[in-house]
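Next comes model12.txt, with compact mmCIF, C-alpha atoms.
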# COMPACT_ATOMS: atom_id res chain seq x y z
CA MET A 11 14.77 -17.96 -13.97
CA VAL A 12 11.51 -18.89 -12.20
CA ARG A 13 12.96 -17.59 -8.94
CA LEU A 14 13.76 -14.22 -10.62
CA GLU A 15 10.18 -14.04 -11.92
CA ARG A 16 8.68 -14.76 -8.48
CA PHE A 17 11.05 -12.26 -6.90
CA GLY A 18 9.92 -9.74 -9.54
CA GLY A 19 6.31 -10.40 -8.52
CA ALA A 20 7.10 -9.83 -4.84
CA THR A 21 9.02 -6.61 -5.54
CA GLY A 22 6.10 -5.35 -7.66
CA ILE A 23 3.81 -5.59 -4.62
CA VAL A 24 6.45 -3.97 -2.37
CA ALA A 25 6.83 -1.15 -4.93
CA VAL A 26 3.07 -0.50 -5.05
CA ALA A 27 2.87 -0.52 -1.22
CA ALA A 28 5.76 1.99 -1.05
CA ILE A 29 4.25 4.28 -3.70
CA VAL A 30 0.76 4.23 -2.16
CA THR A 31 2.21 4.90 1.33
CA GLN A 32 4.20 7.92 0.12
CA PHE A 33 1.04 9.33 -1.52
CA VAL A 34 -0.79 8.91 1.83
CA LEU A 35 2.10 10.55 3.69
CA VAL A 36 2.41 13.67 1.54
CA GLY A 37 -1.13 13.80 0.18
CA THR A 38 -2.20 16.82 2.23
CA ALA A 39 1.20 18.28 3.12
CA GLY A 40 2.10 21.63 1.52
CA THR A 41 5.10 22.01 -0.76
CA ASP A 42 6.35 25.45 0.27
CA ALA A 43 9.48 25.77 2.44
CA PRO A 44 7.76 26.24 5.85
CA ALA A 45 5.34 23.34 5.18
CA LEU A 46 8.24 21.15 4.08
CA LEU A 47 10.12 21.90 7.30
CA ARG A 48 7.05 21.33 9.46
CA ALA A 49 6.49 17.89 7.90
CA ARG A 50 10.15 17.15 7.25
CA VAL A 51 10.08 13.57 8.60
CA ARG A 52 7.11 12.75 6.37
CA TRP A 53 8.85 14.20 3.30
CA GLU A 54 12.11 12.37 4.10
CA LEU A 55 10.12 9.13 4.41
CA ALA A 56 8.29 9.86 1.15
CA THR A 57 11.65 10.36 -0.59
CA PHE A 58 12.86 7.00 0.73
CA LEU A 59 9.61 5.29 -0.30
CA ARG A 60 9.86 6.73 -3.83
CA MET A 61 13.34 5.21 -4.11
CA VAL A 62 12.05 1.85 -2.84
CA GLY A 63 9.13 2.13 -5.28
CA GLY A 64 11.39 2.98 -8.22
CA LEU A 65 13.80 0.13 -7.57
CA GLY A 66 10.88 -2.24 -6.92
CA ILE A 67 9.31 -1.32 -10.26
CA MET A 68 12.66 -2.01 -11.97
CA TRP A 69 12.93 -5.48 -10.36
CA PHE A 70 9.26 -6.19 -11.15
CA THR A 71 9.80 -5.27 -14.81
CA THR A 72 12.90 -7.43 -15.05
CA GLY A 73 11.01 -10.47 -13.73
CA PHE A 74 7.96 -9.71 -15.86
CA ALA A 75 10.00 -9.29 -19.06
CA ALA A 76 11.94 -12.49 -18.25
CA ARG A 77 8.66 -14.42 -18.01
CA LEU A 78 7.30 -12.93 -21.25
CA ARG A 79 10.54 -13.62 -23.08
CA ARG A 80 10.80 -17.21 -21.82
CA PHE A 81 7.44 -18.13 -23.29
CA GLY A 82 6.81 -15.58 -25.97
CA PHE A 83 8.30 -13.77 -28.89
CA GLY A 84 11.95 -14.35 -28.13
CA PRO A 85 14.45 -11.57 -28.69
CA ALA A 86 12.64 -9.69 -31.46
CA GLY A 87 9.40 -9.15 -29.66
CA PRO A 88 7.78 -6.46 -27.57
CA THR A 89 9.20 -7.94 -24.35
CA THR A 90 12.23 -5.71 -24.88
CA ILE A 91 9.90 -2.70 -25.08
CA VAL A 92 8.17 -3.82 -21.85
CA LEU A 93 11.60 -3.90 -20.21
CA GLY A 94 12.55 -0.44 -21.52
CA ALA A 95 9.26 1.20 -20.46
CA GLY A 96 9.38 -0.38 -17.00
CA LEU A 97 12.98 0.66 -16.42
CA LEU A 98 12.18 4.24 -17.45
CA TRP A 99 9.14 4.27 -15.11
CA GLY A 100 11.34 3.06 -12.23
CA ALA A 101 13.96 5.70 -13.11
CA MET A 102 11.19 8.32 -13.11
CA TRP A 103 10.39 7.52 -9.44
CA LEU A 104 14.09 7.79 -8.58
CA LEU A 105 14.26 11.18 -10.33
CA SER A 106 11.20 12.33 -8.41
CA ALA A 107 12.88 11.20 -5.17
CA ALA A 108 15.98 13.20 -6.11
CA PHE A 109 13.90 16.38 -6.69
CA ASN A 110 12.15 15.74 -3.37
CA SER A 111 15.41 15.33 -1.50
CA MET A 112 16.88 18.51 -3.03
CA ALA A 113 13.70 20.43 -2.11
CA ILE A 114 14.10 19.35 1.54
CA ALA A 115 17.78 20.38 1.52
CA GLU A 116 16.87 23.80 0.05
CA ALA A 117 14.09 24.24 2.64
CA VAL A 118 16.66 23.67 5.39
CA ARG A 119 18.90 26.25 3.69
CA GLY A 120 15.97 28.67 3.56
CA ASP A 121 15.73 29.16 -0.21
CA ALA A 122 11.96 29.32 -0.79
CA TRP A 123 12.26 29.83 -4.57
CA SER A 124 14.34 26.65 -5.06
CA VAL A 125 11.96 24.66 -2.86
CA ARG A 126 8.94 25.65 -4.97
CA TRP A 127 10.78 24.96 -8.23
CA LEU A 128 12.07 21.57 -7.14
CA SER A 129 8.71 20.55 -5.64
CA ILE A 130 6.88 21.28 -8.89
CA LEU A 131 9.45 19.28 -10.86
CA GLY A 132 9.13 16.43 -8.34
CA SER A 133 5.35 16.19 -8.76
CA GLN A 134 5.38 16.85 -12.53
CA THR A 135 7.91 14.02 -13.04
CA VAL A 136 5.35 11.51 -11.79
CA LEU A 137 2.19 13.03 -13.27
CA VAL A 138 3.48 13.90 -16.77
CA LEU A 139 5.51 10.78 -17.53
CA THR A 140 3.39 7.97 -16.02
CA PRO A 141 0.59 7.97 -18.67
CA THR A 142 2.93 7.74 -21.70
CA LEU A 143 5.19 5.11 -20.18
CA MET A 144 2.27 3.01 -18.93
CA ILE A 145 0.43 3.12 -22.25
CA THR A 146 3.61 1.96 -24.04
CA PHE A 147 4.19 -0.70 -21.38
CA LEU A 148 0.61 -2.02 -21.61
CA ILE A 149 0.45 -2.19 -25.41
CA ALA A 150 3.75 -4.12 -25.50
CA THR A 151 2.53 -6.40 -22.68
CA GLY A 152 -0.78 -7.05 -24.40
CA VAL A 153 0.94 -8.00 -27.66
CA ALA A 154 3.46 -10.25 -25.89
CA VAL A 155 0.84 -11.99 -23.75
CA LEU A 156 -1.45 -12.71 -26.72
CA ALA A 157 1.47 -14.37 -28.50
CA SER A 158 2.49 -16.62 -25.63
CA PRO A 159 0.82 -19.08 -23.26
CA THR A 160 2.44 -17.71 -20.12
CA PHE A 161 -0.55 -15.67 -18.90
CA PRO A 162 -4.29 -16.15 -19.55
CA ARG A 163 -5.34 -14.51 -22.83
CA ARG A 164 -7.84 -12.32 -20.97
CA PHE A 165 -4.82 -10.76 -19.22
CA GLY A 166 -3.48 -9.68 -22.63
CA HIS A 167 -6.88 -8.34 -23.71
CA ALA A 168 -7.20 -6.49 -20.39
CA ALA A 169 -3.76 -4.89 -20.90
CA LEU A 170 -4.77 -3.60 -24.35
CA PHE A 171 -8.16 -2.43 -23.01
CA PHE A 172 -6.50 -0.55 -20.13
CA ALA A 173 -4.02 0.98 -22.59
CA ALA A 174 -6.96 2.30 -24.67
CA VAL A 175 -8.77 3.65 -21.58
CA ARG A 176 -5.60 5.34 -20.33
CA THR A 177 -4.99 6.89 -23.74
CA VAL A 178 -8.46 8.48 -23.63
CA LEU A 179 -7.98 9.66 -20.03
CA ALA A 180 -4.48 11.02 -20.80
CA LEU A 181 -5.78 12.97 -23.83
CA VAL A 182 -8.72 14.38 -21.84
CA ASP A 183 -6.29 15.29 -19.02
CA TRP A 184 -3.90 16.99 -21.45
CA TYR A 185 -6.48 18.78 -23.61
CA GLY A 186 -9.49 19.25 -21.36
CA GLY A 187 -9.96 20.76 -17.94
CA ALA A 188 -10.37 17.44 -16.09
CA ASP A 189 -7.51 16.17 -13.95
CA PHE A 190 -7.19 12.43 -14.52
CA ALA A 191 -3.47 12.05 -13.75
CA MET A 192 -4.12 10.39 -10.37
CA ARG A 193 -6.82 8.12 -11.81
CA ILE A 194 -4.28 6.89 -14.38
CA MET A 195 -1.83 6.30 -11.51
CA ASP A 196 -4.43 4.34 -9.48
CA MET A 197 -5.21 2.07 -12.44
CA THR A 198 -1.52 1.55 -13.11
CA LEU A 199 -0.77 0.50 -9.54
CA ILE A 200 -3.73 -1.91 -9.47
CA TRP A 201 -2.50 -3.41 -12.74
CA VAL A 202 1.05 -3.88 -11.32
CA VAL A 203 -0.43 -5.77 -8.33
CA ILE A 204 -2.45 -8.08 -10.64
CA ALA A 205 0.63 -8.76 -12.80
CA SER A 206 2.72 -9.37 -9.67
CA VAL A 207 0.24 -11.93 -8.33
CA HIS A 208 0.40 -13.71 -11.70
CA LEU A 209 4.20 -13.68 -11.59
CA MET A 210 4.25 -15.17 -8.11
CA GLY A 211 2.39 -18.20 -9.38
CA ALA A 212 -1.34 -17.49 -9.43
CA THR A 213 -1.33 -18.73 -13.02
CA ARG A 214 0.84 -21.64 -13.93
CA PRO A 215 2.69 -21.19 -17.23
CA VAL A 216 3.03 -24.14 -19.58
CA GLU A 217 6.47 -25.70 -19.81
CA ALA A 218 8.93 -23.72 -21.93
CA MET B 7 8.00 -19.29 -39.49
CA LYS B 8 8.63 -17.23 -42.61
CA LEU B 9 6.85 -13.92 -42.78
CA ARG B 10 5.12 -13.08 -46.02
CA PRO B 11 6.56 -9.94 -47.63
CA GLY B 12 4.31 -6.93 -47.14
CA ARG B 13 2.34 -8.52 -44.31
CA ILE B 14 1.54 -6.13 -41.47
CA THR B 15 2.73 -7.63 -38.21
CA TRP B 16 3.55 -6.25 -34.78
CA GLU B 17 7.21 -6.49 -35.86
CA THR B 18 6.79 -4.36 -38.95
CA MET B 19 4.68 -1.87 -37.02
CA GLY B 20 7.32 -1.77 -34.29
CA ALA B 21 10.06 -1.42 -36.88
CA SER B 22 8.33 1.62 -38.39
CA ALA B 23 8.26 3.33 -34.97
CA GLY B 24 11.55 5.09 -35.77
CA ILE B 25 9.99 6.84 -38.79
CA TRP B 26 6.97 7.91 -36.74
CA ALA B 27 9.23 9.13 -33.93
CA VAL B 28 11.16 11.32 -36.39
CA LEU B 29 7.88 12.70 -37.77
CA TRP B 30 6.50 13.56 -34.31
CA LEU B 31 9.72 15.08 -33.01
CA THR B 32 10.19 17.11 -36.21
CA VAL B 33 6.61 18.41 -35.86
CA GLY B 34 7.61 19.44 -32.31
CA TYR B 35 10.54 21.48 -33.64
CA ALA B 36 8.31 22.94 -36.38
CA ILE B 37 5.88 24.16 -33.68
CA VAL B 38 8.78 25.63 -31.67
CA ALA B 39 9.93 27.47 -34.83
CA THR B 40 6.58 29.32 -34.93
CA THR B 41 6.83 30.54 -31.31
CA VAL B 42 8.45 33.66 -29.88
CA ALA B 43 8.94 32.45 -26.27
CA ASP B 44 12.71 32.02 -26.18
CA PRO B 45 14.26 31.02 -22.82
CA SER B 46 17.33 33.11 -23.70
CA ILE B 47 15.38 36.37 -23.23
CA ALA B 48 14.48 38.11 -19.93
CA ASP B 49 12.28 36.20 -17.44
CA ALA B 50 9.21 38.45 -17.62
CA ASP B 51 9.30 38.73 -21.43
CA TYR B 52 9.65 34.98 -21.72
CA VAL B 53 6.69 34.24 -19.43
CA ARG B 54 4.50 36.83 -21.20
CA ALA B 55 5.22 35.17 -24.56
CA LEU B 56 4.75 31.66 -23.14
CA VAL B 57 1.35 32.48 -21.65
CA ALA B 58 0.24 34.07 -24.94
CA GLU B 59 1.13 30.94 -26.93
CA ARG B 60 0.39 28.35 -24.26
CA THR B 61 -1.51 25.97 -26.58
CA LYS B 62 1.51 25.63 -28.86
CA TRP B 63 3.76 24.74 -25.91
CA GLU B 64 1.21 22.20 -24.63
CA TRP B 65 1.44 20.59 -28.08
CA VAL B 66 5.25 20.53 -27.82
CA THR B 67 4.89 18.60 -24.53
CA LEU B 68 2.53 16.11 -26.17
CA VAL B 69 4.63 15.48 -29.30
CA ARG B 70 7.79 14.98 -27.21
CA LEU B 71 6.01 12.49 -24.94
CA VAL B 72 4.64 10.54 -27.92
CA GLY B 73 7.98 10.90 -29.75
CA GLY B 74 9.81 9.53 -26.69
CA ALA B 75 7.43 6.55 -26.51
CA LEU B 76 8.02 5.85 -30.21
CA VAL B 77 11.81 6.07 -29.74
CA LEU B 78 11.38 3.53 -26.92
CA TRP B 79 9.45 1.22 -29.25
CA PHE B 80 12.14 1.69 -31.93
CA ALA B 81 14.84 0.87 -29.34
CA GLY B 82 13.16 -2.43 -28.47
CA THR B 83 12.74 -3.42 -32.11
CA LEU B 84 16.32 -2.44 -33.00
CA ALA B 85 17.71 -4.41 -30.06
CA GLY B 86 15.69 -7.46 -31.05
CA ARG B 87 16.92 -7.26 -34.64
CA LEU B 88 20.54 -6.79 -33.53
CA ARG B 89 20.26 -9.75 -31.15
CA MET B 90 19.02 -11.91 -34.03
CA ALA B 91 21.97 -10.84 -36.18
CA GLU B 92 24.51 -11.17 -33.37
CA GLY B 93 23.18 -14.36 -31.77
CA GLU B 94 22.82 -15.08 -28.05
CA PRO B 95 23.66 -13.73 -25.52
CA GLY B 96 23.50 -10.50 -27.55
CA ARG B 97 25.88 -8.35 -25.54
CA LEU B 98 26.26 -5.69 -28.25
CA ALA B 99 22.49 -5.65 -28.79
CA GLY B 100 22.16 -4.92 -25.08
CA ALA B 101 24.80 -2.21 -25.41
CA ALA B 102 22.69 -0.57 -28.14
CA PHE B 103 19.41 -1.03 -26.26
CA GLY B 104 20.51 0.70 -23.03
CA PRO B 105 21.49 4.09 -24.51
CA ALA B 106 18.59 3.97 -27.00
CA VAL B 107 16.19 3.70 -24.03
CA VAL B 108 18.07 6.58 -22.42
CA TRP B 109 17.51 8.63 -25.60
CA ALA B 110 13.77 7.94 -25.30
CA GLY B 111 14.08 9.13 -21.70
CA VAL B 112 15.83 12.31 -22.88
CA TRP B 113 12.79 13.30 -25.00
CA MET B 114 10.41 12.49 -22.15
CA LEU B 115 12.57 14.53 -19.77
CA SER B 116 12.40 17.42 -22.23
CA ALA B 117 8.58 17.10 -22.25
CA LEU B 118 8.56 17.06 -18.44
CA PHE B 119 10.62 20.28 -18.22
CA ASN B 120 8.41 21.88 -20.88
CA SER B 121 5.26 21.00 -18.94
CA SER B 122 6.87 22.28 -15.71
CA ALA B 123 7.70 25.59 -17.44
CA ILE B 124 4.01 26.01 -18.34
CA VAL B 125 2.87 25.14 -14.79
CA LEU B 126 5.44 27.51 -13.24
CA ALA B 127 4.49 30.35 -15.61
CA THR B 128 0.72 30.01 -15.38
CA GLY B 129 0.18 28.40 -11.97
CA SER B 130 2.65 29.96 -9.56
CA GLY B 131 3.77 32.97 -11.62
CA ASP B 132 7.40 32.01 -11.08
CA HIS B 133 9.07 33.81 -14.00
CA ALA B 134 12.68 32.79 -13.32
CA GLY B 135 11.65 29.20 -12.56
CA ALA B 136 9.60 28.93 -15.75
CA ARG B 137 12.46 30.23 -17.88
CA LEU B 138 14.94 27.86 -16.21
CA ALA B 139 12.63 24.87 -16.81
CA ALA B 140 12.20 25.92 -20.47
CA LEU B 141 15.97 26.16 -20.84
CA LEU B 142 16.26 22.58 -19.56
CA ALA B 143 13.49 21.48 -21.95
CA ARG B 144 15.30 23.02 -24.91
CA ASP B 145 18.84 21.97 -24.05
CA THR B 146 18.44 18.45 -22.62
CA PRO B 147 18.09 16.78 -26.08
CA LEU B 148 20.67 19.13 -27.62
CA VAL B 149 23.33 18.38 -25.00
CA LEU B 150 22.78 14.63 -24.57
CA THR B 151 21.95 13.37 -28.08
CA ALA B 152 25.55 13.22 -29.37
CA SER B 153 27.00 11.09 -26.57
CA VAL B 154 23.96 8.83 -26.21
CA MET B 155 23.56 8.22 -29.94
CA PHE B 156 27.32 7.68 -30.36
CA SER B 157 26.91 4.65 -28.06
CA VAL B 158 23.87 3.36 -29.96
CA LEU B 159 25.53 3.77 -33.36
CA LEU B 160 28.82 2.23 -32.25
CA ALA B 161 27.11 -0.93 -30.94
CA THR B 162 24.92 -1.11 -34.09
CA ALA B 163 27.94 -0.68 -36.38
CA LEU B 164 29.87 -3.41 -34.54
CA VAL B 165 26.97 -5.88 -34.87
CA ALA B 166 26.51 -4.96 -38.55
CA ARG B 167 30.23 -5.51 -39.22
CA LYS B 168 30.36 -8.76 -37.24
CA SER B 169 27.20 -10.34 -38.64
CA GLY B 170 27.11 -8.95 -42.16
CA GLY B 171 23.33 -9.00 -41.93
CA PHE B 172 22.95 -5.36 -43.02
CA PRO B 173 23.70 -3.61 -46.33
CA ALA B 174 27.37 -2.59 -46.64
CA SER B 175 26.43 1.05 -47.27
CA TYR B 176 24.43 1.10 -44.01
CA THR B 177 27.29 -0.52 -42.06
CA HIS B 178 29.85 2.00 -43.38
CA GLY B 179 27.44 4.92 -42.94
CA THR B 180 26.68 3.98 -39.33
CA THR B 181 30.38 3.57 -38.51
CA PHE B 182 31.18 6.93 -40.09
CA LEU B 183 28.29 8.66 -38.32
CA ALA B 184 29.29 7.21 -34.92
CA ILE B 185 32.75 8.74 -35.31
CA ALA B 186 31.24 11.95 -36.69
CA PHE B 187 28.99 12.27 -33.60
CA LEU B 188 32.07 12.09 -31.38
CA VAL B 189 33.97 14.70 -33.42
CA LEU B 190 30.93 17.02 -33.69
CA ALA B 191 30.21 16.69 -29.96
CA ILE B 192 33.78 17.64 -29.06
CA ALA B 193 33.73 20.56 -31.54
CA ASP B 194 30.35 21.68 -30.14
CA TRP B 195 31.58 21.47 -26.56
CA TYR B 196 35.01 23.01 -27.07
CA GLY B 197 34.58 25.34 -30.01
CA SER B 198 32.30 28.29 -30.59
CA TRP B 199 30.15 26.47 -33.18
CA HIS B 200 26.54 25.66 -32.35
CA LEU B 201 26.46 22.14 -33.77
CA SER B 202 23.96 20.40 -31.50
CA PRO B 203 20.88 21.02 -33.73
CA MET B 204 22.80 19.43 -36.62
CA ILE B 205 23.67 16.44 -34.40
CA VAL B 206 19.99 15.97 -33.50
CA GLY B 207 19.08 16.23 -37.21
CA LEU B 208 21.66 13.58 -38.14
CA ALA B 209 20.36 11.31 -35.37
CA PHE B 210 16.83 11.71 -36.81
CA ILE B 211 18.05 10.79 -40.32
CA TRP B 212 19.88 7.72 -38.99
CA MET B 213 16.83 6.57 -37.02
CA ALA B 214 14.54 6.97 -40.05
CA VAL B 215 16.95 5.08 -42.34
CA THR B 216 17.43 2.31 -39.76
CA SER B 217 13.68 2.08 -39.30
CA VAL B 218 13.16 1.62 -43.07
CA LEU B 219 15.78 -1.15 -43.05
CA LEU B 220 14.11 -2.82 -40.07
CA VAL B 221 10.73 -2.77 -41.82
CA ARG B 222 12.30 -4.40 -44.89
CA GLY B 223 14.31 -6.81 -42.71
CA PHE B 224 11.28 -8.19 -40.88
CA ALA B 225 9.74 -9.12 -44.20
CA ALA B 226 12.66 -11.39 -44.99
CA ILE B 227 13.87 -13.06 -41.79
CA ASP B 228 12.79 -16.18 -39.96
CA LEU B 229 11.09 -15.59 -36.65
CA PRO B 230 10.32 -18.17 -33.99
CA GLN B 231 6.91 -19.85 -33.78
CA GLY B 232 4.19 -17.63 -32.39
CA ALA B 233 5.89 -14.44 -33.49
CA SER B 234 3.46 -13.45 -36.17

What does this structure look like when you write it as structure tokens?
Amino acid sequence: MVRLERFGGATGIVAVAAIVTQFVLVGTAGTDAPALLRARVRWELATFLRMVGGLGIMWFTTGFAARLRRFGFGPAGPTTIVLGAGLLWGAMWLLSAAFNSMAIAEAVRGDAWSVRWLSILGSQTVLVLTPTLMITFLIATGVAVLASPTFPRRFGHAALFFAAVRTVLALVDWYGGADFAMRIMDMTLIWVVIASVHLMGATRPVEA
Amino acid sequence: MKLRPGRITWETMGASAGIWAVLWLTVGYAIVATTVADPSIADADYVRALVAERTKWEWVTLVRLVGGALVLWFAGTLAGRLRMAEGEPGRLAGAAFGPAVVWAGVWMLSALFNSSAIVLATGSGDHAGARLAALLARDTPLVLTASVMFSVLLATALVARKSGGFPASYTHGTTFLAIAFLVLAIADWYGSWHLSPMIVGLAFIWMAVTSVLLVRGFAAIDLPQGAS
């Protein structure tokens, strides 16, 4: 069980590295058919990295939920919700990779309309779904951590605080003119790294 | 520890998530009922209507995202309650949890397609793309709810029958509804009836009823130490 948790921590860091790298790779590249063909290798690599990121997030969540469940609420608690939200977030990256891959295939085929459509769906998948899933994930994590001795209590308070901040940013992003989607993503990735470091043994849990 | 009846805990709040999810998702359909942008009409007409009532469609995105998150919370609480009734390792509870999470994903996917339709209509002026995305937003929950919820209800009914920890009327009702979902889905797919809205409505009713039972259940069961 401990090995699974540590492995989950390591895969969390790998996932964040993959996701950040794919953002760097495609950050300035255009999404129309000619731009996609010009930077095809970069887009292919970004697709691969999104898959690595998605699967890494799934492994991270499995290890994280295992740790919370071992020390916390047991079967009835929010650890199950942490698991569900994390799995959906991982699946979201895989879906985004699928849209990306289809856009590249359509660019090769020369269908500019399909490329634009698939590219927008690929980017919207990440930007629209991340805030909701992360807020759910963080609230459940905060509740689970405060009820168990596995992580420092300040980690639980920080999770709830970040959930509140992200809720405000997500509402401003949705209702107002400001674009906070990437800021929410940055905070989420930093939080995954912190949780991963904890999982790998930075904090020693009490005996179960 | 024994929970005091009526005490507000994370469990009771989580258990009520199903009722809140039904409320949010029903509000979403109520908003849709007041709109004229129908993805079945011509591309240009659809986009014109969508742009004119953009705020309403932005609200539909929001309520489906929040509704999906609440369904996810309900899924976790239901799975926990089923695992308690079934006992470890809780295979049937896991079988209910998986598709229930997928159902949460279905609502979020619908929100994603809805948001994409708005971006395509207003940002890139892609009329055909916007209408196609809106069609996906409308039909994803309608097409997938029957099969996904059949799996959730079947696993729940089996745990309820095996453990006896639920009211008999709920156990029989869930069993009947699971079979009904299968029959309705086949009739909807094969026949000329448009039954999918009714299937979604029945799924909402079941989730609300289950949520009420979960709220009551958490006031009466023993939870491990530290669970309050």

Point to revise | Surrounding residues of segment 101-109 of chain A excluding itself and chain neighbours under 5 positions, 8 Å, all atoms listed in the file, as a count of residues only | key: 17

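Counting from atom CA of Thr41 of chain B, the distance to atom CA of Trp65 of chain B is 11.8 Å.
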
Exercise for review: Provide as JSON, numbers by chain the residues of chain B at most 9 Å from chain A, counting all atoms listed in the file.
Suggested key: {"B": [16, 17, 20, 64, 68, 71, 72, 74, 75, 76, 78, 79, 80, 81, 82, 83, 84, 85, 86, 87, 88, 89, 90, 103, 104, 107, 108, 110, 111, 114, 115, 117, 118, 119, 121, 122, 125, 126, 130, 132, 135, 136, 139, 229, 230, 231, 232, 233, 234]}

If you take every atom of segment 129-139 of chain B that the file lists and fit an axis-aligned box around them with 4 Å extra on each side, what centre and edge lengths come out in Å to one decimal, as AutoDock Vina command-line options?
--center_x 7.6 --center_y 29.3 --center_z -13.7 --size_x 22.8 --size_y 16.9 --size_z 16.3

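Minimum atom-to-atom distances from A:Gly100, A:Gly40, A:Arg52, A:Ala117 to Val26 of chain A were compared using all atoms listed in the file, and the lowest value belongs to A:Gly100.
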